[in-house]
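Containing compact mmCIF, C-alpha atoms: target-v6.txt.
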# COMPACT_ATOMS: atom_id res chain seq x y z
CA MET A 1 0.00 0.00 0.00
CA THR A 2 0.98 3.60 -0.56
CA ASN A 3 -0.17 5.82 2.27
CA SER A 4 -2.24 8.50 0.50
CA TYR A 5 -5.52 8.08 -1.37
CA ASP A 6 -8.53 10.04 -2.50
CA VAL A 7 -10.83 7.76 -0.53
CA ILE A 8 -10.35 4.95 1.97
CA VAL A 9 -13.25 2.52 2.34
CA ILE A 10 -13.45 0.64 5.63
CA GLY A 11 -15.04 -2.76 5.13
CA ALA A 12 -15.19 -5.05 2.09
CA GLY A 13 -18.78 -6.19 2.41
CA ALA A 14 -21.55 -5.37 -0.04
CA ALA A 15 -21.58 -1.65 0.81
CA GLY A 16 -17.81 -1.26 0.69
CA ILE A 17 -17.59 -3.09 -2.62
CA ALA A 18 -20.37 -0.94 -4.13
CA ALA A 19 -18.64 2.25 -2.97
CA GLY A 20 -15.29 1.01 -4.22
CA ARG A 21 -16.62 0.06 -7.65
CA THR A 22 -18.33 3.43 -8.08
CA LEU A 23 -15.30 5.46 -6.98
CA THR A 24 -12.86 3.41 -9.03
CA ALA A 25 -15.01 3.77 -12.14
CA ALA A 26 -14.84 7.55 -11.63
CA GLY A 27 -11.04 7.49 -11.59
CA LEU A 28 -10.36 8.12 -7.91
CA SER A 29 -7.53 6.44 -6.08
CA ILE A 30 -8.96 4.26 -3.33
CA ARG A 31 -8.02 1.58 -0.85
CA VAL A 32 -10.50 -0.81 0.74
CA LEU A 33 -9.53 -2.07 4.19
CA GLU A 34 -10.95 -5.38 5.43
CA ALA A 35 -10.21 -6.72 8.90
CA ASN A 36 -11.14 -10.27 7.90
CA GLN A 37 -9.03 -12.51 5.73
CA ARG A 38 -11.86 -12.73 3.20
CA ILE A 39 -14.12 -10.47 1.16
CA GLY A 40 -17.87 -10.21 1.60
CA GLY A 41 -18.63 -9.31 5.21
CA ARG A 42 -21.93 -10.94 6.14
CA ALA A 43 -22.08 -12.55 2.69
CA TRP A 44 -19.99 -15.71 2.69
CA THR A 45 -20.08 -18.68 0.36
CA ILE A 46 -18.08 -21.79 1.23
CA HIS A 47 -17.90 -25.15 -0.54
CA ARG A 48 -18.47 -28.55 0.99
CA GLU A 49 -18.09 -31.66 -1.16
CA GLY A 50 -18.32 -29.50 -4.26
CA LEU A 51 -21.54 -27.74 -3.23
CA PRO A 52 -21.73 -23.96 -2.64
CA ILE A 53 -23.18 -23.08 0.75
CA ASP A 54 -24.20 -19.54 1.74
CA LEU A 55 -23.38 -19.02 5.38
CA GLY A 56 -24.63 -15.43 5.23
CA CYS A 57 -27.21 -13.84 2.95
CA GLY A 58 -28.58 -16.38 0.50
CA TRP A 59 -31.55 -14.80 -1.27
CA LEU A 60 -31.83 -12.01 -3.80
CA HIS A 61 -34.73 -10.31 -2.02
CA SER A 62 -36.76 -7.88 -4.15
CA ALA A 63 -34.87 -9.59 -6.94
CA ASP A 64 -36.72 -7.73 -9.69
CA ARG A 65 -35.14 -4.47 -8.52
CA ASN A 66 -32.06 -5.84 -6.79
CA PRO A 67 -28.79 -4.45 -8.26
CA TRP A 68 -27.03 -7.73 -7.55
CA THR A 69 -29.45 -9.40 -9.96
CA VAL A 70 -28.28 -7.00 -12.66
CA LEU A 71 -24.62 -7.65 -11.85
CA ALA A 72 -24.88 -11.42 -11.59
CA GLU A 73 -24.96 -12.68 -15.16
CA PRO A 74 -22.35 -10.24 -16.58
CA LEU A 75 -20.05 -11.51 -13.83
CA GLY A 76 -20.78 -15.13 -14.78
CA PHE A 77 -23.27 -15.99 -12.02
CA ALA A 78 -26.51 -17.66 -13.03
CA VAL A 79 -29.68 -16.71 -11.15
CA ASP A 80 -32.26 -19.34 -10.23
CA ARG A 81 -35.72 -17.79 -10.50
CA SER A 82 -37.77 -20.58 -8.94
CA ALA A 83 -40.13 -19.71 -6.08
CA PRO A 84 -38.76 -19.82 -2.52
CA PRO A 85 -40.05 -22.54 -0.18
CA TRP A 86 -41.78 -20.11 2.17
CA GLY A 87 -44.24 -19.26 -0.59
CA LYS A 88 -45.44 -22.85 -0.53
CA LYS A 89 -47.13 -24.83 2.20
CA PHE A 90 -45.01 -26.44 4.89
CA LEU A 91 -44.61 -30.17 5.01
CA GLU A 92 -47.52 -31.55 7.01
CA LEU A 93 -45.26 -33.41 9.44
CA GLY A 94 -46.50 -32.18 12.82
CA PHE A 95 -48.15 -29.23 11.09
CA SER A 96 -51.47 -30.17 9.53
CA VAL A 97 -53.10 -28.30 6.68
CA SER A 98 -55.70 -26.88 9.04
CA GLU A 99 -53.02 -25.74 11.50
CA GLN A 100 -51.04 -24.13 8.69
CA SER A 101 -54.14 -22.26 7.60
CA ALA A 102 -54.76 -21.06 11.16
CA ALA A 103 -51.13 -20.00 11.58
CA ARG A 104 -51.17 -18.04 8.32
CA LYS A 105 -54.42 -16.34 9.30
CA ALA A 106 -52.87 -15.37 12.64
CA ARG A 107 -49.88 -13.96 10.80
CA ALA A 108 -52.08 -12.00 8.39
CA SER A 109 -54.15 -10.64 11.27
CA PHE A 110 -51.02 -9.55 13.15
CA ASP A 111 -49.61 -7.84 10.06
CA ALA A 112 -52.92 -6.03 9.59
CA ARG A 113 -52.74 -4.77 13.19
CA LEU A 114 -49.22 -3.53 12.57
CA ARG A 115 -50.28 -1.70 9.41
CA ASN A 116 -53.31 -0.17 11.10
CA SER A 117 -51.54 0.78 14.30
CA ASP A 118 -52.67 4.21 15.54
CA GLY A 119 -49.16 5.23 16.54
CA GLU A 120 -49.72 4.91 20.28
CA THR A 121 -47.00 2.27 20.33
CA ASP A 122 -44.03 1.50 18.13
CA ARG A 123 -43.33 -1.83 19.82
CA ALA A 124 -44.50 -4.78 17.74
CA ALA A 125 -45.05 -7.04 20.76
CA ASP A 126 -47.71 -4.62 22.09
CA LEU A 127 -50.02 -5.75 19.27
CA LEU A 128 -49.93 -9.42 20.14
CA GLN A 129 -53.28 -10.72 21.34
CA PRO A 130 -53.31 -12.28 24.83
CA GLY A 131 -54.01 -15.97 24.68
CA ASP A 132 -53.42 -16.31 20.94
CA PRO A 133 -52.18 -19.90 20.51
CA TRP A 134 -50.11 -18.80 17.49
CA THR A 135 -48.02 -16.23 19.36
CA PRO A 136 -45.05 -18.67 19.45
CA PHE A 137 -45.34 -19.02 15.67
CA LEU A 138 -45.36 -15.22 15.30
CA GLU A 139 -42.27 -14.94 17.51
CA ALA A 140 -40.48 -17.67 15.55
CA THR A 141 -41.31 -15.89 12.30
CA SER A 142 -39.92 -12.61 13.65
CA GLY A 143 -36.73 -14.45 14.54
CA TRP A 144 -36.28 -15.61 10.95
CA VAL A 145 -37.31 -12.34 9.32
CA ASN A 146 -35.88 -9.76 11.72
CA GLY A 147 -33.33 -11.71 13.73
CA ALA A 148 -35.04 -10.33 16.82
CA GLU A 149 -38.08 -10.75 19.06
CA LEU A 150 -41.19 -8.64 18.64
CA GLU A 151 -40.48 -6.98 22.00
CA SER A 152 -37.45 -5.20 20.53
CA LEU A 153 -38.87 -4.46 17.08
CA SER A 154 -39.99 -1.04 15.84
CA ILE A 155 -43.29 -1.22 13.97
CA ARG A 156 -42.41 1.77 11.77
CA ASP A 157 -39.07 0.27 10.85
CA TYR A 158 -40.53 -3.14 10.08
CA LEU A 159 -43.29 -1.68 7.89
CA ALA A 160 -40.80 0.44 5.94
CA TYR A 161 -39.16 -2.79 4.80
CA VAL A 162 -42.38 -4.69 4.18
CA GLU A 163 -43.86 -1.90 2.07
CA ALA A 164 -40.74 -1.69 -0.10
CA ASP A 165 -40.23 -5.42 -0.57
CA THR A 166 -41.50 -6.69 -3.94
CA GLY A 167 -41.92 -10.28 -2.77
CA VAL A 168 -39.69 -11.59 -5.56
CA ASN A 169 -36.95 -13.86 -4.17
CA TRP A 170 -34.34 -15.64 -6.30
CA ARG A 171 -31.06 -17.40 -5.64
CA VAL A 172 -27.55 -17.19 -7.06
CA VAL A 173 -26.70 -20.71 -8.19
CA ARG A 174 -23.02 -20.44 -7.26
CA GLY A 175 -23.74 -18.53 -4.05
CA TYR A 176 -24.66 -14.97 -3.14
CA GLY A 177 -21.43 -14.53 -1.21
CA ALA A 178 -19.45 -15.73 -4.22
CA LEU A 179 -21.20 -13.13 -6.39
CA ILE A 180 -20.38 -10.32 -3.99
CA GLU A 181 -16.78 -11.46 -3.77
CA GLY A 182 -16.62 -11.68 -7.57
CA ALA A 183 -17.81 -8.08 -7.89
CA ALA A 184 -14.74 -6.99 -5.92
CA ALA A 185 -12.20 -8.71 -8.19
CA ALA A 186 -10.69 -5.51 -9.59
CA LEU A 187 -10.68 -3.50 -6.38
CA PRO A 188 -7.55 -2.69 -4.35
CA ILE A 189 -8.43 -4.50 -1.12
CA SER A 190 -6.14 -5.07 1.84
CA LEU A 191 -7.25 -8.15 3.77
CA GLY A 192 -6.41 -8.67 7.42
CA VAL A 193 -6.02 -4.92 7.95
CA ALA A 194 -8.32 -3.42 10.57
CA ALA A 195 -8.92 0.31 10.87
CA THR A 196 -8.76 1.46 14.48
CA ALA A 197 -9.14 5.25 14.21
CA VAL A 198 -10.13 8.00 11.80
CA GLU A 199 -9.15 11.54 12.74
CA PRO A 200 -8.64 14.88 10.99
CA ARG A 201 -5.10 15.83 10.02
CA GLY A 202 -5.35 19.24 8.44
CA ARG A 203 -7.27 18.93 5.18
CA LEU A 204 -6.82 15.16 5.19
CA LEU A 205 -8.02 12.31 7.35
CA ALA A 206 -5.58 10.01 9.08
CA VAL A 207 -6.71 6.39 9.19
CA THR A 208 -4.85 4.35 11.77
CA THR A 209 -4.74 0.64 10.93
CA THR A 210 -3.10 -2.50 12.20
CA ALA A 211 -0.67 -2.13 9.26
CA GLY A 212 0.23 1.54 9.77
CA THR A 213 -1.34 4.94 9.15
CA LEU A 214 -2.89 6.00 5.85
CA GLU A 215 -4.22 9.33 4.63
CA ALA A 216 -7.21 10.21 2.51
CA SER A 217 -9.38 13.17 1.67
CA GLN A 218 -12.51 11.18 2.45
CA VAL A 219 -13.45 7.95 4.20
CA VAL A 220 -16.44 5.62 3.81
CA ILE A 221 -17.24 3.55 6.93
CA THR A 222 -19.27 0.40 6.31
CA ILE A 223 -18.74 -1.66 9.46
CA PRO A 224 -21.77 -3.25 11.23
CA THR A 225 -23.59 -1.24 13.88
CA ASP A 226 -22.62 -3.44 16.84
CA LEU A 227 -18.97 -3.08 15.89
CA LEU A 228 -19.37 0.68 15.45
CA ALA A 229 -21.16 1.05 18.78
CA SER A 230 -18.41 -0.87 20.57
CA GLY A 231 -15.93 1.93 19.95
CA GLY A 232 -13.48 -0.35 18.20
CA LEU A 233 -13.11 2.32 15.52
CA ARG A 234 -12.23 5.64 17.15
CA LEU A 235 -13.88 8.61 15.41
CA PRO A 236 -13.84 12.40 15.91
CA ALA A 237 -15.83 13.53 18.95
CA ALA A 238 -18.27 15.28 16.62
CA LEU A 239 -19.47 11.82 15.59
CA ASP A 240 -20.41 10.63 19.06
CA ASP A 241 -24.04 10.91 18.00
CA ARG A 242 -23.41 8.29 15.30
CA LEU A 243 -22.08 5.88 17.91
CA GLU A 244 -25.15 6.50 20.04
CA THR A 245 -27.38 6.02 17.00
CA ALA A 246 -25.72 2.69 16.25
CA THR A 247 -26.87 1.38 19.64
CA HIS A 248 -30.48 1.97 18.53
CA LEU A 249 -29.91 -0.17 15.43
CA PRO A 250 -28.53 -3.38 16.94
CA LEU A 251 -27.85 -6.48 14.91
CA GLY A 252 -30.34 -9.27 15.15
CA LEU A 253 -29.11 -12.81 14.82
CA ALA A 254 -29.81 -15.45 12.20
CA ASP A 255 -27.77 -18.65 12.10
CA LYS A 256 -27.74 -21.60 9.72
CA VAL A 257 -26.82 -25.25 9.90
CA TYR A 258 -26.30 -27.41 6.83
CA PHE A 259 -26.42 -31.19 6.55
CA HIS A 260 -25.47 -33.37 3.61
CA LEU A 261 -28.37 -35.68 2.89
CA GLU A 262 -27.80 -39.22 1.73
CA ALA A 263 -30.50 -41.07 -0.20
CA ALA A 264 -32.30 -37.80 -0.78
CA GLU A 265 -34.98 -39.27 -3.00
CA GLY A 266 -38.42 -39.36 -1.46
CA LEU A 267 -38.10 -36.19 0.59
CA GLY A 268 -39.18 -33.82 -2.16
CA LEU A 269 -37.13 -30.78 -3.08
CA ASP A 270 -37.20 -27.05 -2.41
CA ILE A 271 -39.79 -27.47 0.33
CA GLN A 272 -39.93 -26.20 3.90
CA ALA A 273 -40.52 -27.97 7.19
CA LEU A 274 -41.06 -26.36 10.59
CA GLY A 275 -39.53 -28.01 13.63
CA ASN A 276 -42.44 -27.32 15.97
CA PRO A 277 -45.11 -24.75 15.08
CA HIS A 278 -46.33 -24.51 18.67
CA VAL A 279 -43.15 -23.15 20.29
CA ALA A 280 -40.96 -20.15 19.53
CA ARG A 281 -37.76 -22.12 20.12
CA THR A 282 -37.70 -23.96 16.84
CA GLY A 283 -36.01 -23.99 13.46
CA SER A 284 -37.15 -23.76 9.86
CA TYR A 285 -35.72 -26.36 7.48
CA HIS A 286 -35.28 -26.00 3.73
CA ILE A 287 -35.25 -29.48 2.23
CA ARG A 288 -33.03 -30.00 -0.82
CA PRO A 289 -32.52 -26.35 -1.82
CA LEU A 290 -32.04 -26.03 -5.59
CA GLY A 291 -32.48 -29.79 -5.73
CA ARG A 292 -29.18 -30.38 -3.94
CA PRO A 293 -28.63 -33.18 -1.40
CA LEU A 294 -28.72 -30.76 1.54
CA ILE A 295 -30.95 -29.68 4.37
CA GLU A 296 -30.56 -26.05 5.40
CA GLY A 297 -31.67 -25.21 8.93
CA PHE A 298 -32.41 -21.64 9.93
CA PHE A 299 -32.60 -20.19 13.46
CA GLY A 300 -33.31 -16.58 14.41
CA GLY A 301 -33.42 -14.24 17.37
CA ALA A 302 -33.46 -15.71 20.87
CA VAL A 303 -33.26 -19.27 19.52
CA ALA A 304 -30.04 -18.52 17.67
CA ARG A 305 -28.59 -16.68 20.66
CA GLY A 306 -29.37 -19.61 22.92
CA LEU A 307 -27.80 -22.09 20.54
CA GLU A 308 -24.66 -19.97 20.25
CA ALA A 309 -24.48 -19.58 24.01
CA GLY A 310 -24.09 -23.24 24.74
CA ASP A 311 -26.49 -25.66 23.11
CA ASP A 312 -25.22 -27.75 20.22
CA MET A 313 -26.88 -26.29 17.13
CA ALA A 314 -26.37 -29.42 15.04
CA ALA A 315 -27.72 -31.67 17.79
CA PHE A 316 -30.76 -29.43 18.26
CA ALA A 317 -31.47 -29.52 14.53
CA LEU A 318 -31.00 -33.28 14.36
CA ASP A 319 -33.46 -33.77 17.19
CA GLU A 320 -36.05 -31.64 15.42
CA LEU A 321 -35.47 -33.37 12.08
CA ALA A 322 -35.73 -36.78 13.73
CA GLY A 323 -39.00 -35.67 15.27
CA LEU A 324 -40.26 -34.79 11.79
CA PHE A 325 -38.88 -37.59 9.64
CA GLY A 326 -38.21 -40.34 12.15
CA ALA A 327 -35.05 -41.53 13.87
CA ASP A 328 -33.73 -43.12 10.67
CA ILE A 329 -33.01 -39.64 9.24
CA ARG A 330 -30.04 -39.30 11.61
CA ARG A 331 -27.94 -41.85 9.75
CA ARG A 332 -28.69 -40.09 6.45
CA LEU A 333 -27.49 -36.68 7.63
CA ARG A 334 -23.89 -35.52 7.90
CA LEU A 335 -23.00 -32.07 9.26
CA ALA A 336 -21.60 -29.82 6.54
CA ALA A 337 -21.37 -26.42 8.26
CA HIS A 338 -22.99 -24.13 10.78
CA THR A 339 -22.64 -20.46 11.66
CA GLN A 340 -22.18 -18.42 14.81
CA TRP A 341 -22.52 -14.88 13.52
CA ALA A 342 -22.68 -13.28 16.96
CA ARG A 343 -19.24 -14.70 17.64
CA GLU A 344 -17.72 -13.39 14.41
CA PRO A 345 -15.46 -10.60 15.75
CA PHE A 346 -15.95 -8.29 12.78
CA ALA A 347 -19.69 -8.88 12.44
CA ARG A 348 -21.17 -9.55 15.92
CA GLY A 349 -24.54 -10.42 14.45
CA SER A 350 -26.48 -10.76 11.22
CA TYR A 351 -28.59 -7.75 10.24
CA SER A 352 -29.97 -4.64 11.89
CA HIS A 353 -33.37 -3.79 13.30
CA ALA A 354 -34.47 -0.51 14.83
CA LEU A 355 -35.50 -0.57 18.46
CA PRO A 356 -39.01 0.76 19.21
CA GLY A 357 -39.04 4.52 18.81
CA TYR A 358 -35.89 4.65 16.72
CA ALA A 359 -36.93 4.03 13.12
CA SER A 360 -35.51 7.46 12.22
CA ALA A 361 -32.06 6.40 13.44
CA ARG A 362 -31.14 5.01 10.02
CA ALA A 363 -31.21 8.46 8.41
CA VAL A 364 -29.11 9.86 11.26
CA LEU A 365 -26.50 7.12 10.89
CA ALA A 366 -26.26 7.67 7.13
CA LYS A 367 -25.64 11.42 7.39
CA PRO A 368 -22.09 12.41 6.24
CA TRP A 369 -19.81 14.48 8.44
CA ASP A 370 -18.10 17.57 7.04
CA ASP A 371 -18.15 16.14 3.49
CA ARG A 372 -15.29 13.93 4.64
CA ILE A 373 -16.62 10.94 6.57
CA TYR A 374 -19.48 8.92 5.10
CA PHE A 375 -21.40 5.93 6.39
CA ALA A 376 -22.86 3.04 4.40
CA GLY A 377 -24.16 -0.46 5.01
CA GLU A 378 -27.50 -2.18 5.34
CA ALA A 379 -28.27 -0.34 8.59
CA CYS A 380 -28.10 2.97 6.71
CA SER A 381 -30.90 1.95 4.35
CA GLU A 382 -34.29 3.27 5.39
CA ARG A 383 -36.27 0.63 3.49
CA ASP A 384 -33.93 -2.16 2.37
CA PHE A 385 -32.06 -2.73 5.62
CA SER A 386 -31.02 -6.28 6.48
CA THR A 387 -30.20 -7.01 2.83
CA ALA A 388 -27.16 -7.04 0.57
CA HIS A 389 -29.00 -4.91 -1.97
CA GLY A 390 -29.76 -2.32 0.70
CA ALA A 391 -26.07 -2.28 1.59
CA TYR A 392 -25.14 -1.96 -2.09
CA ALA A 393 -27.42 1.04 -2.60
CA THR A 394 -26.00 2.90 0.40
CA GLY A 395 -22.45 2.24 -0.79
CA VAL A 396 -23.28 3.71 -4.20
CA ALA A 397 -25.03 6.68 -2.54
CA ALA A 398 -21.99 7.43 -0.36
CA ALA A 399 -19.68 7.22 -3.37
CA ARG A 400 -21.86 9.52 -5.46
CA ALA A 401 -21.99 12.03 -2.61
CA ILE A 402 -18.19 11.98 -2.50
CA LEU A 403 -17.98 12.55 -6.24
CA ALA A 404 -20.40 15.46 -5.96
CA SER A 405 -18.39 17.04 -3.14
CA SER A 406 -15.17 16.56 -5.11
CA ARG A 407 -16.71 18.29 -8.12
CA ARG A 408 -17.68 21.22 -5.92
CA ARG A 409 -14.12 21.54 -4.64
CA THR A 410 -12.34 21.10 -7.97
CA GLY A 411 -14.88 22.84 -10.19
CA SER A 412 -14.92 19.78 -12.46
CA ASP A 413 -18.00 18.45 -14.21
CA ALA A 414 -16.49 15.08 -15.02
CA ASP A 415 -16.07 12.31 -12.50
CA THR A 416 -13.00 11.09 -14.38
CA ASP A 417 -11.14 14.35 -13.70
CA LEU A 418 -11.04 13.61 -9.98
CA GLY A 419 -7.55 12.33 -9.44
CA LEU A 420 -5.58 12.88 -6.25
CA THR A 421 -5.27 16.68 -6.30
CA ARG A 422 -5.07 17.47 -2.61
This entry written out as structure tokens:
Amino acid sequence: MTNSYDVIVIGAGAAGIAAGRTLTAAGLSIRVLEANQRIGGRAWTIHREGLPIDLGCGWLHSADRNPWTVLAEPLGFAVDRSAPPWGKKFLELGFSVSEQSAARKARASFDARLRNSDGETDRAADLLQPGDPWTPFLEATSGWVNGAELESLSIRDYLAYVEADTGVNWRVVRGYGALIEGAAAALPISLGVAATAVEPRGRLLAVTTTAGTLEASQVVITIPTDLLASGGLRLPAALDDRLETATHLPLGLADKVYFHLEAAEGLGLDIQALGNPHVARTGSYHIRPLGRPLIEGFFGGAVARGLEAGDDMAAFALDELAGLFGADIRRRLRLAAHTQWAREPFARGSYSHALPGYASARAVLAKPWDDRIYFAGEACSERDFSTAHGAYATGVAAARAILASSRRRTGSDADTDLGLTR
């Protein structure tokens, strides 16, 4: 690395990659710093026995307007456009057709109450109905969707996402994480280099890292909110409000467990099973995703936190699967991988949710400081938070704001004239 750049981007996840691509295309000198030894942040594709497995984000949500959909095929990544399993009925194992109908009606009724809320409360749990037998199902659903319990969920924030979501969900055949990593191929990224401080140094910003100190005119910060709130990246005192804001946008938790499935025939494919619809502490299981010999288990919120805290996630999933398919399923399943996102030191969780009363915090977090320090990432998106496409859009927005500020300073009308002139 040299030590002086137009822009330094902190974090090589979806937002950092989007910012880097936009700035590089405009001719600026940049450096992307990534504390991990890999690219992608909370998008991460691994391979087990030749099969791609997404440990992080796995679905192109709002795929018909998702920028990653547009990028995929030019980068050599095929998109599977088949319907997701949650749009179909669950397997009837322990969850009869009549129970599924009742659960869906309870969900629809709860969503209607959220939409019609009079504003007296912004806490989703306040709209649960006492004695509703499907409350555990509603809590389990919130765990999968939000990574958090309804008690800690802002209604306004949740509805902002729901109203923007198009309901179109596709998959990247070779893995969403692989696509995001592929989009970064031409970027100057330093892996294993953590930024520890950003502070003014005259007209420049000094970025202290574990590999020395760098300088830049502008910085884009894309690290997750829990990491930002921890103070691990020291910022100017004028940005203390951003650190406070980050505490109001904590990361929920969603974890996955994958099993290789032997003798897969007879189980159907691309279908969903629910461990136990009558308790909140349960997992959702995607059977043979994309027709592959896998079972993908999904745990959210308090369930995921409990499993990370001590319970064996694989054993818990095996017990639930044996309860659904019979004890014989155990010998047909072989653990392939599982996640512990809360324990990932540079993530500390999965995706953000606004606490009750703090839906406006996203706009505060995204606000630049002094035309020099910019923030991006899924938590900065007011409607597409918790997604890789929301992160992408905020990265592009931060980069375009930098280009606009550079044009104002240099008097140039062309992005490509913006070399290192400071």
Which residues are close to Phe298 of chain A, i.e. within 8 Å by only C-alpha atoms, leaving aside same-chain residues fewer than 4 positions away? Reply as a count of residues only. 8
Within 9 Å of Ser381 of chain A using all atoms listed in the file, minus same-chain residues under 5 positions, as a list of chain:residue names: A:Arg362, A:Ala363, A:Ala366, A:Ala376, A:Ser386, A:Gly390, A:Ala391, A:Ala393, A:Thr394
In terms of only C-alpha atoms, the residue from A:Pro293, A:Pro277, A:Pro250, A:Gly411 at minimal distance from Ser152 of chain A is A:Pro250
Given only C-alpha atoms as the counted atoms, nearest of A:Leu235, A:Asp270, A:Thr135, A:Gly192 to Thr208 of chain A: A:Leu235
Quick one: distance from atom CA of Glu320 of chain A to atom CA of Trp341 of chain A in Å, one decimal? 21.6 Å
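As for atom CA of Ala43 of chain A and atom CA of Ala148 of chain A, they are spaced 19.3 Å apart.
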If we count only C-alpha atoms, what is near Glu308 of chain A at a cut-off of 10 Å, once residues fewer than 4 positions away on the same chain are taken out, given as a VMD selection string? chain A and resid 255 302 to 304 312 to 313 339 to 343
